[in-house]
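What follows is a set of notes on a single structure, which appears directly below.
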Amino acid sequence: IPCLCSGASCLLCRCCPNSKNSTVTRLIYAFLLLLSTVLACIMLAPGMEEQLKKIPGFCDDGLHTQIPHLDGFVSCDVFVGYRAVYRVSFAMAVFFFLLSLLMIEVKTSNDPRASIHNGFWFFKIAAIVAIMVGAFYIPEGPFTRAWFWIGVSGAFCFILIQLVLLVDFAHSWNESWVEKMEEGNSKCWYAALLSCTSLFYALSLVFVVLFYVFYTKPDDCTENKFFISFNMILCIAVSIVSILPKVQEHQPRSGLLQSSVITLYTMYLTWAAMSNEPERNCNPSLLNIITQIAAPTAVPANATVPPATPAPPKSLQWWDAQSVVGLVIFVLCLLYSSIRSSSNSQVNKLTLSGSDTAFLEEPAGTGSVAAEEGEVRRVTDNEKDGVQYSYTFFHFMLFLASLYIMMTLTNWYSPDADFKTMTSKWPAVWVKITSSWVCLLLYLWTLVAPLVLTNRDFS
């Protein structure tokens with residue numbers, strides 16, 4: 001109990017290395033969010049609807065409650081799991097949003113509010129559980145509709161944060177390999193850099209071809225044709241800009257590796273947008289695509305062509321390919337933002353961080369002294385002179401991440417959407433495709449900003 005009520009330092013045992021309070025706290029919050037994600041996934045597991053329908057307001061008339069305005073097509077147990085995910089995500093979002101408000105203007109760890117941020121874990125976990133339990137008794141109706149639009153807006157913002165994290169990762173990767181190339185064995189590191197860049201561009205090109213094959217029709221799917229073509233042109237444009245002599249002069253570290261990562265991420269957003277399209281003819285499921293690849297397409301001349309059948313409805317499960325990929329990217333970005341601590345990091349600029357040293361780096365002499373004296377390894381408070389990141393922005397980012405997880409696990413489900421597919425109609429499509437354009441514009445701005453704002457230091 002003392003460990004749970006005090007700071008994060010007590011949560012580490014003797015076998016753990018000396019760490020910094022700023023990093024350990026972020027990892028614990030990230031772990032809490034990952035636990036809530038696992039809980040939300042459990043709510044969608046087969047068989048859970050039998051228990052969830054017992055909650056008042058979820059299925060008032062029993063298992064086979066029908067939706068009146070849809071002519072009784074869908075029973076309540078089909079979407080009760082989505083309602084549960086909304087409640088779990090609501091609890092986590094409220095928790096992180098309240099903490100973000102509470103931590104405004106915290107400058108050092110000497111602030112009494114900093115101890116709330118870095119400790120009192122027992123009480124914070126109890127608060128999460130209490131909010132989560134209470135959320136399940138919120139009545140249906142305006143809550144679900146309002147929370148859907150809040151979720152769409154928050155998920156859009158978190159997609160942009162993912163871009164910043166990916167750009168920072170690509171910059172760090174490029175700088176690390178360029179430094180090693182300058183230190184020695186330049187041919188080997190240059191070949192590795194060129195190989196990764198070529199691989200990302202090759203994957204992007206393969207995806208573009210697959211998009212045209214499976215997500216467009218000769219006389220249909222005009223929107224998909226526009227999305228694919230327009231994003232491909234934008235990706236080519238930013239790649240060319242990244243290697244222009246003027247840009248290289250002001251930003252010698254920028255190059256095609258970063259552009260290739262952004263191009264691949266843009267292709268993912270394009271695919272995610274098309275995967276939410278309500279037109280089943282232009283949005284085949286992964287199973288249908290695999291079937292088309294495996295089945296022979298040639299029809300004998302004397303064979304009778306069977307009449308066209310409508311595309312089968314998409315699976316009502318959340319674990320389709322698009323959701324799984326989105327979940328993996330979310331987890332990687334969340335962990336990266338929690339351990340990234342380089343002082344020139346784009347993440348630190350995003351989170352308004354101060355200077356920080358490398359992750360798990362021991363202060364001079366403390367590790368050896370502790371080892372000699374046999375003391376328990378603890379977390380060093382490195383924020384007495386100033387916080388290493390903005391507490392408010394960090395919690396606000398986790399608030400947005402909670403909303404992103406909610407929308408991902410529910411396939412961007414809307415209360416007013418077509419329940420035959422359990423996905424949102426066009427709002428999710430335009431949110432995702434617009435986010436891809438904003439992402440490309442943000443990356444383009446990072447390239448040309450030093451040329452436009454010559455009086456500012458972008459190093």
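Simple scheme: letters A, B, ... for chains in structure tokens order, numbers from 1 for residues in each chain, numbers from 1 for ligands in the order shown.
Omitting region 129-141 of chain A and its sequence neighbours fewer than 2 positions away, and counting only C-alpha atoms, the residues within 6 Å are A:Gly57, A:Arg87, A:Val88, A:Ala91, A:Ala126, A:Ala127, A:Phe143, A:Thr144.
As for CA of Ser176 (chain A) and CA of Gln258 (chain A), they are spaced 12.9 Å apart.
For the set A:His171, A:Arg83, A:Lys225, A:Lys246, the residue with the smallest atom-to-atom gap to Ser260 (chain A) is A:His171, counting only C-alpha atoms.
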Review point. Hey, what's within 6 Å of His395 (chain A) if we count only C-alpha atoms and toss same-chain stuff fewer than 3 positions away? As a list in words, please?
Key: Phe96, Ser100, Thr392 and Leu398 of chain A
Review point. When distances are computed from only C-alpha atoms, which of A:Ile125, A:Val448, A:Leu409, A:Ala202 shows the smallest separation from Phe31 (chain A)?
Key: A:Ile125
Review point. Trp430 (chain A): which residues within 12 Å, counting only C-alpha atoms, same-chain residues fewer than 5 positions away excluded, as a PyMOL selection string?
Key: chain A and resi 152-153+156+223-224+227+269-270+272-277+412+424-425+435-438
Check your understanding: Could you pull the residues within 7 Å of region 213-219 of chain A, counting only C-alpha atoms, minus those fewer than 2 positions along the same chain, as a PyMOL selection string?
Key -> chain A and resi 209-211+221+224-225+282-283+289
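Distances to Lys124 (chain A) were evaluated for A:Ala449, A:Leu442, A:Ile42, A:Met92 using only C-alpha atoms, and the minimum falls at A:Met92.
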